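Raw contents of entry06.pdb, PDB, C-alpha atoms:
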ATOM      1  CA  MET A  94       0.893 -10.463  -8.916
ATOM      2  CA  LYS A  95      -1.770 -13.077  -8.271
ATOM      3  CA  ARG A  96      -3.578 -14.846 -11.075
ATOM      4  CA  ASP A  97      -6.864 -13.879  -9.397
ATOM      5  CA  LEU A  98      -6.201 -10.229 -10.264
ATOM      6  CA  LEU A  99      -6.973 -10.953 -13.936
ATOM      7  CA  ALA A 100     -10.673 -11.119 -13.097
ATOM      8  CA  PHE A 101     -10.636  -7.401 -12.256
ATOM      9  CA  LEU A 102      -8.436  -6.089 -15.065
ATOM     10  CA  SER A 103      -9.372  -4.231 -18.242
ATOM     11  CA  SER A 104      -6.660  -3.048 -20.612
ATOM     12  CA  PRO A 105      -6.086   0.729 -20.544
ATOM     13  CA  CYS A 106      -5.572   0.731 -24.321
ATOM     14  CA  CYS A 107      -8.775  -1.001 -25.539
ATOM     15  CA  ARG A 108     -10.846  -1.630 -22.383
ATOM     16  CA  ALA A 109     -10.572  -5.348 -23.229
ATOM     17  CA  ALA A 110      -9.788  -8.352 -21.072
ATOM     18  CA  MET A 111      -6.174  -9.011 -20.173
ATOM     19  CA  LYS A 112      -4.225 -12.253 -20.176
ATOM     20  CA  PHE A 113      -0.804 -13.540 -19.365
ATOM     21  CA  ASP A 114       1.250 -13.062 -22.497
ATOM     22  CA  THR A 115       2.390 -16.673 -22.554
ATOM     23  CA  LEU A 116       1.764 -19.565 -20.235
ATOM     24  CA  LYS A 117       5.281 -20.830 -20.901
ATOM     25  CA  GLN A 118       6.580 -18.106 -18.635
ATOM     26  CA  PHE A 119       4.524 -19.432 -15.742
ATOM     27  CA  PRO A 120       4.718 -23.230 -15.562
ATOM     28  CA  ALA A 121       2.881 -23.392 -12.243
ATOM     29  CA  LEU A 122       0.181 -20.730 -12.277
ATOM     30  CA  ASP A 123      -1.766 -20.564  -9.046
ATOM     31  CA  SER A 124      -2.755 -17.922  -6.529
ATOM     32  CA  SER A 125       0.792 -17.399  -5.296
ATOM     33  CA  GLU A 126       2.622 -14.187  -6.110
ATOM     34  CA  LEU A 127       4.319 -13.987  -9.509
ATOM     35  CA  ASP A 128       7.381 -11.769  -9.362
ATOM     36  CA  GLU A 129       7.643 -10.633 -12.986
ATOM     37  CA  GLY A 130       6.375 -11.176 -16.504
ATOM     38  CA  LEU A 131       4.084  -9.741 -19.159
ATOM     39  CA  LEU A 132       0.367  -9.161 -19.490
ATOM     40  CA  SER A 133      -1.253  -8.399 -22.818
ATOM     41  CA  CYS A 134      -4.489  -6.895 -24.109
ATOM     42  CA  ALA A 135      -6.745  -9.612 -25.516
ATOM     43  CA  LYS A 136      -7.882  -7.254 -28.294
ATOM     44  CA  CYS A 137      -4.803  -5.470 -29.663
ATOM     45  CA  GLY A 138      -2.040  -7.546 -28.074
ATOM     46  CA  ARG A 139      -0.256  -4.612 -26.455
ATOM     47  CA  GLN A 140       2.014  -5.855 -23.715
ATOM     48  CA  TYR A 141       2.345  -4.551 -20.170
ATOM     49  CA  PRO A 142       5.162  -5.680 -17.873
ATOM     50  CA  PHE A 143       4.993  -6.477 -14.242
ATOM     51  CA  ALA A 144       8.009  -6.571 -11.969
ATOM     52  CA  GLY A 145       8.337  -6.720  -8.220
ATOM     53  CA  ARG A 146       4.839  -8.246  -8.268
ATOM     54  CA  VAL A 147       3.244  -5.020  -9.529
ATOM     55  CA  PRO A 148       1.568  -4.875 -12.985
ATOM     56  CA  GLU A 149       2.207  -1.488 -14.614
ATOM     57  CA  LEU A 150      -0.993  -0.849 -16.547
ATOM     58  CA  VAL A 151      -0.520   2.698 -17.800
ATOM     59  CA  ALA A 152      -1.409   3.399 -21.436
ATOM     60  CA  GLY A 153       1.308   5.973 -22.081
ATOM     61  CA  PRO A 154       3.695   8.490 -20.526
ATOM     62  CA  VAL A 155       2.192  11.127 -18.251
ATOM     63  CA  GLY A 156       2.818  14.846 -18.600
ATOM     64  CA  GLN A 157       5.437  16.827 -16.703
ATOM     65  CA  LYS A 158       3.058  18.096 -14.015
ATOM     66  CA  ALA A 159       1.538  14.666 -13.500
ATOM     67  CA  ALA A 160       5.003  13.126 -13.262
ATOM     68  CA  LYS A 161       6.110  15.614 -10.602
ATOM     69  CA  THR A 162       2.860  15.081  -8.693
ATOM     70  CA  ARG A 163       3.449  11.317  -8.858
ATOM     71  CA  ASP A 164       7.062  11.685  -7.706
ATOM     72  CA  SER A 165       6.104  13.980  -4.830
ATOM     73  CA  PHE A 166       3.786  11.335  -3.431
ATOM     74  CA  ALA A 167       6.380   8.611  -3.900
ATOM     75  CA  LEU A 168       8.803  10.659  -1.787
ATOM     76  CA  GLU A 169       6.096  11.493   0.741
ATOM     77  CA  TRP A 170       4.862   7.976   1.375
ATOM     78  CA  GLN A 171       8.350   6.515   1.497
ATOM     79  CA  ARG A 172       9.105   8.907   4.392
ATOM     80  CA  TYR A 173       5.764   8.591   6.154
ATOM     81  CA  PRO A 174       5.933   6.442   9.326
ATOM     82  CA  GLN A 175       5.567   2.915   7.963
ATOM     83  CA  GLU A 176       4.271   1.199  11.065
ATOM     84  CA  THR A 177       0.563   0.666  11.552
ATOM     85  CA  ARG A 178      -0.803   3.568  13.557
ATOM     86  CA  PRO A 179      -3.627   3.196  16.113
ATOM     87  CA  GLU A 180      -5.524   6.000  14.380
ATOM     88  CA  ASP A 181      -5.606   4.292  10.956
ATOM     89  CA  ARG A 182      -8.723   2.174  11.491
ATOM     90  CA  PRO A 183     -10.957   4.814  13.167
ATOM     91  CA  VAL A 184      -9.879   7.514  10.675
ATOM     92  CA  PHE A 185     -10.540   5.179   7.741
ATOM     93  CA  LEU A 186     -14.012   4.241   8.980
ATOM     94  CA  GLU A 187     -14.836   7.871   9.763
ATOM     95  CA  GLU A 188     -13.819   8.992   6.273
ATOM     96  CA  CYS A 189     -15.509   6.070   4.489
ATOM     97  CA  GLN A 190     -18.679   6.680   6.524
ATOM     98  CA  LEU A 191     -19.295   2.928   6.526
ATOM     99  CA  SER A 192     -19.429   0.426   9.381
ATOM    100  CA  PRO A 193     -16.889  -2.378   9.837
ATOM    101  CA  GLY A 194     -19.447  -5.006   8.839
ATOM    102  CA  ASP A 195     -19.990  -3.359   5.454
ATOM    103  CA  PHE A 196     -16.562  -4.616   4.316
ATOM    104  CA  GLN A 197     -16.933  -8.270   5.251
ATOM    105  CA  GLY A 198     -16.727 -10.463   2.121
ATOM    106  CA  LYS A 199     -16.805  -7.455  -0.234
ATOM    107  CA  VAL A 200     -14.554  -6.625  -3.190
ATOM    108  CA  VAL A 201     -13.013  -3.214  -2.551
ATOM    109  CA  LEU A 202     -10.905  -0.778  -4.593
ATOM    110  CA  ASP A 203      -8.487   1.615  -2.899
ATOM    111  CA  ALA A 204      -8.269   4.201  -5.693
ATOM    112  CA  GLY A 205      -5.003   6.030  -5.013
ATOM    113  CA  CYS A 206      -3.635   3.815  -2.247
ATOM    114  CA  GLY A 207      -0.281   5.519  -1.606
ATOM    115  CA  MET A 208       1.639   3.338   0.841
ATOM    116  CA  GLY A 209      -1.534   1.299   1.400
ATOM    117  CA  ARG A 210      -2.240   1.952   5.076
ATOM    118  CA  TYR A 211      -6.003   1.958   4.464
ATOM    119  CA  SER A 212      -5.793  -1.034   2.128
ATOM    120  CA  VAL A 213      -4.466  -2.980   5.099
ATOM    121  CA  VAL A 214      -7.330  -1.714   7.263
ATOM    122  CA  ALA A 215      -9.923  -2.805   4.671
ATOM    123  CA  LEU A 216      -8.264  -6.236   4.497
ATOM    124  CA  GLY A 217      -8.505  -6.517   8.262
ATOM    125  CA  LEU A 218     -12.232  -5.808   8.007
ATOM    126  CA  GLY A 219     -12.685  -8.894   5.829
ATOM    127  CA  ALA A 220     -12.569  -7.430   2.305
ATOM    128  CA  GLU A 221     -10.719  -8.516  -0.820
ATOM    129  CA  VAL A 222      -8.776  -5.400  -1.810
ATOM    130  CA  VAL A 223      -7.371  -4.108  -5.084
ATOM    131  CA  ALA A 224      -4.921  -1.297  -4.262
ATOM    132  CA  MET A 225      -3.979   1.016  -7.144
ATOM    133  CA  ASP A 226      -1.658   4.000  -7.385
ATOM    134  CA  LEU A 227       0.460   5.737 -10.026
ATOM    135  CA  SER A 228       3.541   6.232  -7.842
ATOM    136  CA  GLU A 229       6.275   3.931  -6.590
ATOM    137  CA  SER A 230       4.913   4.304  -3.054
ATOM    138  CA  LEU A 231       2.974   1.049  -3.467
ATOM    139  CA  ARG A 232       6.130  -1.122  -3.647
ATOM    140  CA  GLY A 233       6.196  -1.578   0.100
ATOM    141  CA  LEU A 234       2.598  -2.760   0.065
ATOM    142  CA  ALA A 235       3.335  -5.167  -2.792
ATOM    143  CA  ALA A 236       6.069  -6.781  -0.721
ATOM    144  CA  LYS A 237       3.412  -7.762   1.828
ATOM    145  CA  ALA A 238       1.016  -9.250  -0.723
ATOM    146  CA  ASP A 239       2.456 -12.776  -0.739
ATOM    147  CA  ARG A 240       1.269 -13.278   2.836
ATOM    148  CA  LEU A 241      -2.036 -11.471   2.251
ATOM    149  CA  PRO A 242      -4.013 -13.664  -0.183
ATOM    150  CA  LYS A 243      -6.856 -11.159  -0.578
ATOM    151  CA  LEU A 244      -4.603  -8.219  -1.512
ATOM    152  CA  HIS A 245      -3.853  -7.210  -5.118
ATOM    153  CA  VAL A 246      -1.526  -4.322  -5.982
ATOM    154  CA  LEU A 247      -1.196  -2.584  -9.353
ATOM    155  CA  LYS A 248       0.078   0.619 -10.882
ATOM    156  CA  GLY A 249      -2.547   2.542 -12.837
ATOM    157  CA  ASP A 250      -3.864   5.985 -13.718
ATOM    158  CA  LEU A 251      -7.117   7.134 -12.085
ATOM    159  CA  LEU A 252      -8.021   9.003 -15.275
ATOM    160  CA  ASN A 253      -7.864   5.714 -17.184
ATOM    161  CA  PRO A 254      -8.110   2.936 -14.584
ATOM    162  CA  PRO A 255      -7.200  -0.517 -15.958
ATOM    163  CA  LEU A 256     -10.135  -2.160 -14.226
ATOM    164  CA  ARG A 257     -13.481  -3.607 -15.291
ATOM    165  CA  GLU A 258     -16.540  -1.413 -14.906
ATOM    166  CA  LYS A 259     -19.027  -2.405 -12.198
ATOM    167  CA  ALA A 260     -16.503  -4.826 -10.659
ATOM    168  CA  PHE A 261     -16.413  -3.514  -7.078
ATOM    169  CA  ASP A 262     -18.790  -3.505  -4.130
ATOM    170  CA  ILE A 263     -16.987  -0.552  -2.513
ATOM    171  CA  VAL A 264     -14.670   2.011  -4.072
ATOM    172  CA  TYR A 265     -13.026   4.675  -1.950
ATOM    173  CA  SER A 266     -10.680   7.499  -2.895
ATOM    174  CA  HIS A 267      -9.700   9.748  -0.025
ATOM    175  CA  GLY A 268      -7.696  12.898  -0.700
ATOM    176  CA  VAL A 269      -6.518  11.782  -4.134
ATOM    177  CA  LEU A 270      -8.716  12.750  -7.099
ATOM    178  CA  HIS A 271      -7.943  16.469  -6.745
ATOM    179  CA  HIS A 272      -4.286  15.636  -7.454
ATOM    180  CA  THR A 273      -5.048  14.595 -11.035
ATOM    181  CA  SER A 274      -5.177  16.965 -14.004
ATOM    182  CA  ASP A 275      -9.004  16.842 -13.990
ATOM    183  CA  THR A 276     -10.808  16.007 -10.747
ATOM    184  CA  ARG A 277     -14.202  15.541 -12.389
ATOM    185  CA  ALA A 278     -12.838  13.236 -15.106
ATOM    186  CA  ALA A 279     -11.061  11.122 -12.488
ATOM    187  CA  PHE A 280     -14.255  10.983 -10.399
ATOM    188  CA  ASP A 281     -16.314   9.805 -13.365
ATOM    189  CA  ALA A 282     -13.737   7.147 -14.279
ATOM    190  CA  VAL A 283     -13.673   5.785 -10.738
ATOM    191  CA  ALA A 284     -17.468   5.937 -10.332
ATOM    192  CA  LYS A 285     -17.921   3.567 -13.283
ATOM    193  CA  LEU A 286     -16.100   0.844 -11.371
ATOM    194  CA  VAL A 287     -18.846   0.553  -8.722
ATOM    195  CA  ARG A 288     -21.467  -2.124  -9.237
ATOM    196  CA  PRO A 289     -25.197  -1.223  -8.985
ATOM    197  CA  GLY A 290     -26.088  -1.077  -5.312
ATOM    198  CA  GLY A 291     -22.434  -0.596  -4.368
ATOM    199  CA  TYR A 292     -20.850   2.258  -2.458
ATOM    200  CA  LEU A 293     -18.520   5.066  -3.530
ATOM    201  CA  SER A 294     -16.723   7.100  -0.846
ATOM    202  CA  VAL A 295     -14.779  10.206  -1.912
ATOM    203  CA  TRP A 296     -13.348  13.186  -0.110
ATOM    204  CA  LEU A 297     -11.542  16.113  -1.696
ATOM    205  CA  TYR A 298      -9.716  19.238  -0.637
ATOM    206  CA  GLY A 299     -12.228  21.953   0.124
ATOM    207  CA  LYS A 300     -12.357  25.729  -0.130
ATOM    208  CA  ALA A 301     -14.209  28.560   1.547
ATOM    209  CA  GLY A 302     -16.552  29.041  -1.413
ATOM    210  CA  ARG A 303     -19.679  31.108  -0.904
ATOM    211  CA  PHE A 304     -20.577  31.802   2.700
ATOM    212  CA  SER A 305     -24.121  30.553   2.081
ATOM    213  CA  ASP A 306     -22.649  27.120   1.251
ATOM    214  CA  PHE A 307     -20.009  27.218   3.992
ATOM    215  CA  ALA A 308     -22.665  28.127   6.575
ATOM    216  CA  ASP A 309     -24.405  24.739   6.387
ATOM    217  CA  ASN A 310     -21.298  22.545   6.182
ATOM    218  CA  PRO A 311     -21.514  19.632   8.649
ATOM    219  CA  ILE A 312     -19.023  20.284  11.479
ATOM    220  CA  ARG A 313     -17.357  17.690  13.706
ATOM    221  CA  GLU A 314     -18.618  17.437  17.266
ATOM    222  CA  ASP A 315     -15.193  18.345  18.648
ATOM    223  CA  ARG A 316     -15.159  21.688  16.779
ATOM    224  CA  PRO A 317     -18.076  23.558  18.421
ATOM    225  CA  TRP A 318     -16.275  26.909  18.092
ATOM    226  CA  VAL A 319     -16.399  26.582  14.305
ATOM    227  CA  ARG A 320     -20.183  26.239  14.482
ATOM    228  CA  ARG A 321     -20.435  29.258  16.809
ATOM    229  CA  HIS A 322     -18.177  31.461  14.673
ATOM    230  CA  ARG A 323     -18.849  30.349  11.125
ATOM    231  CA  ARG A 324     -18.207  33.698   9.475
ATOM    232  CA  LEU A 325     -14.854  34.039  11.244
ATOM    233  CA  ALA A 326     -14.020  30.452  10.298
ATOM    234  CA  TRP A 327     -14.951  31.209   6.681
ATOM    235  CA  LEU A 328     -12.583  34.199   6.669
ATOM    236  CA  VAL A 329      -9.760  32.158   8.211
ATOM    237  CA  VAL A 330     -10.223  29.448   5.573
ATOM    238  CA  GLY A 331     -10.114  32.065   2.835
ATOM    239  CA  LEU A 332      -6.918  33.590   4.316
ATOM    240  CA  ARG A 333      -5.339  30.165   4.638
ATOM    241  CA  HIS A 334      -6.155  29.428   1.018
ATOM    242  CA  ALA A 335      -4.571  32.730  -0.076
ATOM    243  CA  ILE A 336      -1.395  31.886   1.892
ATOM    244  CA  SER A 337      -1.422  28.434   0.314
ATOM    245  CA  ASP A 338      -1.726  29.809  -3.223
ATOM    246  CA  PHE A 339       1.133  32.248  -2.585
ATOM    247  CA  LEU A 340       3.451  29.565  -1.193
ATOM    248  CA  ARG A 341       2.532  26.999  -3.821
ATOM    249  CA  PHE A 342       3.393  29.440  -6.614
ATOM    250  CA  PHE A 343       7.006  28.934  -5.500
ATOM    251  CA  THR A 344       7.057  25.463  -3.938
ATOM    252  CA  THR A 345       5.567  23.670  -6.944
ATOM    253  CA  ARG A 346       8.464  25.012  -8.997
ATOM    254  CA  LEU A 347      11.191  23.963  -6.556
ATOM    255  CA  PRO A 348      13.009  20.606  -6.381
ATOM    256  CA  LEU A 349      11.133  18.210  -4.125
ATOM    257  CA  GLU A 350      13.950  17.861  -1.600
ATOM    258  CA  LEU A 351      14.054  21.639  -1.147
ATOM    259  CA  VAL A 352      10.298  21.757  -0.582
ATOM    260  CA  TYR A 353      10.721  19.046   2.040
ATOM    261  CA  ALA A 354      13.266  21.244   3.844
ATOM    262  CA  VAL A 355      10.889  24.239   3.724
ATOM    263  CA  CYS A 356       8.240  22.160   5.479
ATOM    264  CA  TRP A 357      10.286  21.757   8.683
ATOM    265  CA  PRO A 358       9.523  25.255  10.060
ATOM    266  CA  LEU A 359       5.887  24.886   8.999
ATOM    267  CA  ALA A 360       5.686  21.608  10.914
ATOM    268  CA  ALA A 361       7.073  23.414  13.994
ATOM    269  CA  LEU A 362       4.437  26.156  13.654
ATOM    270  CA  GLY A 363       1.785  23.413  13.520
ATOM    271  CA  ALA A 364       2.124  23.044  17.281
ATOM    272  CA  VAL A 365       1.644  26.757  18.057
ATOM    273  CA  PRO A 366      -1.889  27.691  19.228
ATOM    274  CA  PHE A 367      -3.952  29.712  16.743
ATOM    275  CA  VAL A 368      -1.029  30.107  14.323
ATOM    276  CA  LYS A 369      -1.208  26.382  13.555
ATOM    277  CA  TYR A 370      -4.474  26.844  11.652
ATOM    278  CA  LEU A 371      -2.617  28.829   9.004
ATOM    279  CA  THR A 372      -0.296  25.863   8.354
ATOM    280  CA  PHE A 373      -1.369  22.699   6.572
ATOM    281  CA  SER A 374      -1.322  20.159   9.392
ATOM    282  CA  VAL A 375      -2.148  20.279  13.089
ATOM    283  CA  HIS A 376      -1.459  16.588  13.724
ATOM    284  CA  PRO A 377       0.074  15.995  17.180
ATOM    285  CA  ASP A 378       2.970  13.986  15.689
ATOM    286  CA  PHE A 379       5.739  16.233  14.273
ATOM    287  CA  GLN A 380       6.764  13.709  11.600
ATOM    288  CA  VAL A 381       3.192  13.437  10.342
ATOM    289  CA  ARG A 382       2.857  17.249  10.306
ATOM    290  CA  LEU A 383       6.056  17.448   8.267
ATOM    291  CA  ILE A 384       4.780  14.982   5.679
ATOM    292  CA  GLU A 385       1.300  16.530   5.526
ATOM    293  CA  ASN A 386       2.759  20.000   4.898
ATOM    294  CA  PHE A 387       4.890  18.487   2.131
ATOM    295  CA  ASP A 388       1.774  16.775   0.778
ATOM    296  CA  TRP A 389       0.098  20.160   0.533
ATOM    297  CA  LEU A 390       2.920  22.237  -0.932
ATOM    298  CA  SER A 391       4.729  19.908  -3.331
ATOM    299  CA  PRO A 392       2.325  18.449  -5.967
ATOM    300  CA  PRO A 393       1.699  20.700  -9.000
ATOM    301  CA  TYR A 394      -1.834  19.348  -9.346
ATOM    302  CA  GLN A 395      -4.050  20.394  -6.468
ATOM    303  CA  PHE A 396      -7.666  21.485  -6.947
ATOM    304  CA  HIS A 397     -10.295  22.502  -4.400
ATOM    305  CA  HIS A 398     -14.026  21.838  -4.446
ATOM    306  CA  THR A 399     -17.200  22.325  -2.418
ATOM    307  CA  LYS A 400     -19.641  19.753  -1.093
ATOM    308  CA  GLU A 401     -22.269  21.119  -3.485
ATOM    309  CA  GLU A 402     -20.009  20.473  -6.444
ATOM    310  CA  LEU A 403     -19.132  16.944  -5.301
ATOM    311  CA  ALA A 404     -22.780  16.085  -4.542
ATOM    312  CA  ARG A 405     -23.732  17.121  -8.064
ATOM    313  CA  TRP A 406     -21.092  14.808  -9.513
ATOM    314  CA  PHE A 407     -22.476  11.906  -7.494
ATOM    315  CA  ARG A 408     -26.025  12.515  -8.687
ATOM    316  CA  GLU A 409     -24.994  12.944 -12.321
ATOM    317  CA  ALA A 410     -23.007   9.689 -12.164
ATOM    318  CA  GLY A 411     -26.085   7.768 -11.001
ATOM    319  CA  PHE A 412     -25.540   7.742  -7.235
ATOM    320  CA  ASP A 413     -27.764   8.658  -4.328
ATOM    321  CA  VAL A 414     -25.988  10.762  -1.690
ATOM    322  CA  ILE A 415     -26.160   8.827   1.598
ATOM    323  CA  LYS A 416     -23.897  10.792   3.951
ATOM    324  CA  ILE A 417     -21.792  13.967   3.975
ATOM    325  CA  LEU A 418     -18.562  13.974   5.989
ATOM    326  CA  PRO A 419     -18.319  16.458   8.882
ATOM    327  CA  HIS A 420     -15.062  18.408   9.040
ATOM    328  CA  GLY A 421     -13.157  20.707  11.386
ATOM    329  CA  LEU A 422     -12.146  24.217  10.409
ATOM    330  CA  VAL A 423     -11.086  23.564   6.808
ATOM    331  CA  PRO A 424     -13.827  22.212   4.535
ATOM    332  CA  LYS A 425     -13.307  18.583   3.580
ATOM    333  CA  PRO A 426     -16.031  17.702   1.068
ATOM    334  CA  GLY A 427     -16.634  14.029   1.630
ATOM    335  CA  ILE A 428     -19.590  12.024   0.395
ATOM    336  CA  LEU A 429     -20.735   8.422   0.633
ATOM    337  CA  GLY A 430     -22.984   7.513  -2.266
ATOM    338  CA  ARG A 431     -24.819   4.369  -3.373
ATOM    339  CA  ARG A 432     -25.109   3.539  -7.050
ATOM    340  CA  ARG A 433     -28.647   3.326  -8.312
ATOM    341  CA  GLY A 434     -29.894   0.331 -10.273
TER     342      GLY A 434
END
Rewrite the coordinates I just gave you, this time as structure tokens.
Amino acid sequence: MKRDLLAFLSSPCCRAAMKFDTLKQFPALDSSELDEGLLSCAKCGRQYPFAGRVPELVAGPVGQKAAKTRDSFALEWQRYPQETRPEDRPVFLEECQLSPGDFQGKVVLDAGCGMGRYSVVALGLGAEVVAMDLSESLRGLAAKADRLPKLHVLKGDLLNPPLREKAFDIVYSHGVLHHTSDTRAAFDAVAKLVRPGGYLSVWLYGKAGRFSDFADNPIREDRPWVRRHRRLAWLVVGLRHAISDFLRFFTTRLPLELVYAVCWPLAALGAVPFVKYLTFSVHPDFQVRLIENFDWLSPPYQFHHTKEELARWFREAGFDVIKILPHGLVPKPGILGRRRG
């Protein structure tokens, strides 16, 4: 880890400042990467280790469901294509709903970074990035940090993030908060990290919900048929959700490697016209479809929300809703908000 990371940290036990446990361990502290050591809470003295350059700032053991969810994402991201993909930057900017210039010189939190593909994009846009995740998937990103002076990597829990409130200009969490035990609690915890005037970008898994809400969802320009046939689309989304619930009743109880095997035929169906919309990925790349189906079926924690619900959370947390993310067939509640004050 870099010494500069201390400026962003807050102990998960007492919400106090953190410090290196002893300077004797680090005779030449500077901004270079420190491979291992101990951090401690300045208030109660509780110690937290870091190894492989990653501070592990988790207050206590997680429950069984959370552990399996964490492990499923570790397996997923370790098998996801590791090379930078041409789509990463445009997809990131589309989902953030910000322009490239908004990141220049800003301090940014990737809340639930996974393998860190979007952390790297934000770095390339000129930001200083803190990338946090609960799974081991971030180890690959940490290995790159010594040559990326504006990148900080840490292990932490989104329900109790070990970070100072109001420390970040931009916080984004894309497709992550609904995989915690309480989406709203995780949202509120992450929202507190945004400084006044800063931006929060969140998208969650959606659901059909009431047709009156579905009917005015913003739809992507390349999905005109969804706009023309909204009631049919609403029914298809509801059917897809029912299939998902049925499959997940079994897959969330199976060993992860077996779930991964089950996803191979689903990934094949993802290339079949019409039928593909009942699977959980229509990406043109088979390997990505395989991983995205696994992403959907494996984690025990998976909740679904509407744009109305998410917009209410933003307002109640002190944010103005700036933009709502258009989606294709399946609702993808995504909101960019700006913190008041």
Near segment 345-358 of chain A, within 12 Å and counting all atoms listed in the file, which residues show up once chain neighbours fewer than 4 positions away are dropped, as a PyMOL selection string? chain A and resi 157-159+161-169+172+337-341+362-365+369+372-374+379-395
Of A:Pro254, A:Leu98, A:Asp378, A:Ala109, the one sitting nearest Ala279 of chain A when using all atoms listed in the file is A:Pro254
The PyMOL selection byres ((chain A and resi 272) around 7) - which residues does that actually catch in the file I just gave you? List them as a CSV table (one decimal) with C-alpha atoms, in the coordinates of the input.
chain,number,residue,atom,x,y,z
A,269,VAL,CA,-6.5,11.8,-4.1
A,270,LEU,CA,-8.7,12.8,-7.1
A,271,HIS,CA,-7.9,16.5,-6.7
A,273,THR,CA,-5.0,14.6,-11.0
A,274,SER,CA,-5.2,17.0,-14.0
A,394,TYR,CA,-1.8,19.3,-9.3
A,395,GLN,CA,-4.0,20.4,-6.5
A,396,PHE,CA,-7.7,21.5,-6.9
When the PyMOL selection byres ((chain A and resi 229-239) around 6) is applied to the file above, which residues end up in the set, as an MDAnalysis selection string? chainID A and resid 126 167 170 207:209 228 240:241 244 246
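A straight line drawn from atom CA of Arg277 of chain A to atom CA of Glu402 of chain A is 9.7 Å long.
Proximity ranking of A:Asp275, A:Glu221, A:Asp203, A:Glu129 relative to Asp97 of chain A places A:Glu221 first, based on all atoms listed in the file.
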Please tell me which residues are no farther than 7 Å from (-13.0, 21.8, -3.6) in the file, counting all atoms listed in the file, and write them as a ChimeraX atom specification. /A:297-300,396-399,426
Take the point (-11.7, 31.1, -1.7) in the file's coordinates, draw a sphere of radius 6 Å around it, and report as a list in words every protein, DNA or RNA residue with an atom inside or on it, counting all atoms listed in the file. Lys300, Ala301, Gly302 and Gly331 of chain A
To verify the selection step, state as number ranges by chain which residues the PyMOL selection byres ((chain A and resi 111) around 12) yields on this input. A: 96-110, 112-115, 131-141, 148, 150, 255-257
With a distance cut-off of 10 Å and all atoms listed in the file, select the neighbouring residues of Phe304 of chain A, excluding the residue or stretch itself and same-chain residues fewer than 4 positions from it, and output the selection as a count of residues only. 7
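Restricting the calculation to only C-alpha atoms, the smallest distance between Gly427 of chain A and any of A:Asp226, A:Glu401, A:Asp306, A:Asp262 is found for A:Glu401.
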For Leu218 of chain A: contacts at 8 Å, only C-alpha atoms, fewer than 6 positions along chain excluded, given as a PyMOL selection string: chain A and resi 193-194+196-197
Go through A:Ile263, A:Val201, A:Val155, A:Leu429 one by one, measure the shortest atom-to-atom distance of each to Val295 of chain A using all atoms listed in the file, and give the residue with the smallest value. A:Leu429
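A straight line drawn from atom CA of Pro377 of chain A to atom CA of Ala326 of chain A is 21.3 Å long.
Put simply, atom CA of Val329 of chain A is 12.4 Å away from atom CA of Gly421 of chain A.
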So which one's closest to Gly430 of chain A, A:Pro311, A:Pro289, A:Pro317, A:Gly217? Using all atoms listed in the file, please. A:Pro289
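Closest to Pro154 of chain A among A:Leu202, A:Leu403, A:Leu227, A:Leu127 is A:Leu227, based on all atoms listed in the file.
Every protein or nucleic acid residue with an atom no more than 10 Å from Thr177 of chain A, counting all atoms listed in the file and leaving out same-chain residues fewer than 4 positions away, appears here: Asp181, Arg182, Arg210, Tyr211, Val213 and Val214 of chain A.
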Output, as JSON, the centre and edge lengths in Å (one decimal) of the axis-aligned box that contains all listed atoms of segment 243-249 of chain A with 5 Å of margin on each side.
{"center_x": -3.4, "center_y": -4.3, "center_z": -6.7, "size_x": 16.9, "size_y": 23.7, "size_z": 22.3}
Because some atoms of segment 223-231 of chain A are absent here, can you restore N, CA and C atoms and send them as a PDB file, keeping the file's coordinate frame?
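The resulting result36.pdb:
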ATOM      1  N   VAL A 223      -8.250  -4.489  -3.985  1.00  0.00           N
ATOM      2  CA  VAL A 223      -7.371  -4.108  -5.084  1.00  0.00           C
ATOM      3  C   VAL A 223      -6.855  -2.710  -4.753  1.00  0.00           C
ATOM      4  N   ALA A 224      -5.544  -2.570  -4.616  1.00  0.00           N
ATOM      5  CA  ALA A 224      -4.921  -1.297  -4.262  1.00  0.00           C
ATOM      6  C   ALA A 224      -4.182  -0.752  -5.478  1.00  0.00           C
ATOM      7  N   MET A 225      -4.559   0.457  -5.929  1.00  0.00           N
ATOM      8  CA  MET A 225      -3.979   1.016  -7.144  1.00  0.00           C
ATOM      9  C   MET A 225      -3.430   2.405  -6.882  1.00  0.00           C
ATOM     10  N   ASP A 226      -2.264   2.682  -7.473  1.00  0.00           N
ATOM     11  CA  ASP A 226      -1.658   4.000  -7.385  1.00  0.00           C
ATOM     12  C   ASP A 226      -0.763   4.184  -8.601  1.00  0.00           C
ATOM     13  N   LEU A 227      -0.410   5.441  -8.893  1.00  0.00           N
ATOM     14  CA  LEU A 227       0.460   5.737 -10.026  1.00  0.00           C
ATOM     15  C   LEU A 227       1.915   5.867  -9.605  1.00  0.00           C
ATOM     16  N   SER A 228       2.181   5.978  -8.315  1.00  0.00           N
ATOM     17  CA  SER A 228       3.541   6.232  -7.842  1.00  0.00           C
ATOM     18  C   SER A 228       4.204   4.954  -7.336  1.00  0.00           C
ATOM     19  N   GLU A 229       5.503   5.058  -7.096  1.00  0.00           N
ATOM     20  CA  GLU A 229       6.275   3.931  -6.590  1.00  0.00           C
ATOM     21  C   GLU A 229       6.012   3.670  -5.108  1.00  0.00           C
ATOM     22  N   SER A 230       5.188   4.470  -4.477  1.00  0.00           N
ATOM     23  CA  SER A 230       4.913   4.304  -3.054  1.00  0.00           C
ATOM     24  C   SER A 230       4.280   2.956  -2.735  1.00  0.00           C
ATOM     25  N   LEU A 231       3.663   2.303  -3.735  1.00  0.00           N
ATOM     26  CA  LEU A 231       2.974   1.049  -3.467  1.00  0.00           C
ATOM     27  C   LEU A 231       3.903  -0.163  -3.412  1.00  0.00           C
TER      28      LEU A 231
END
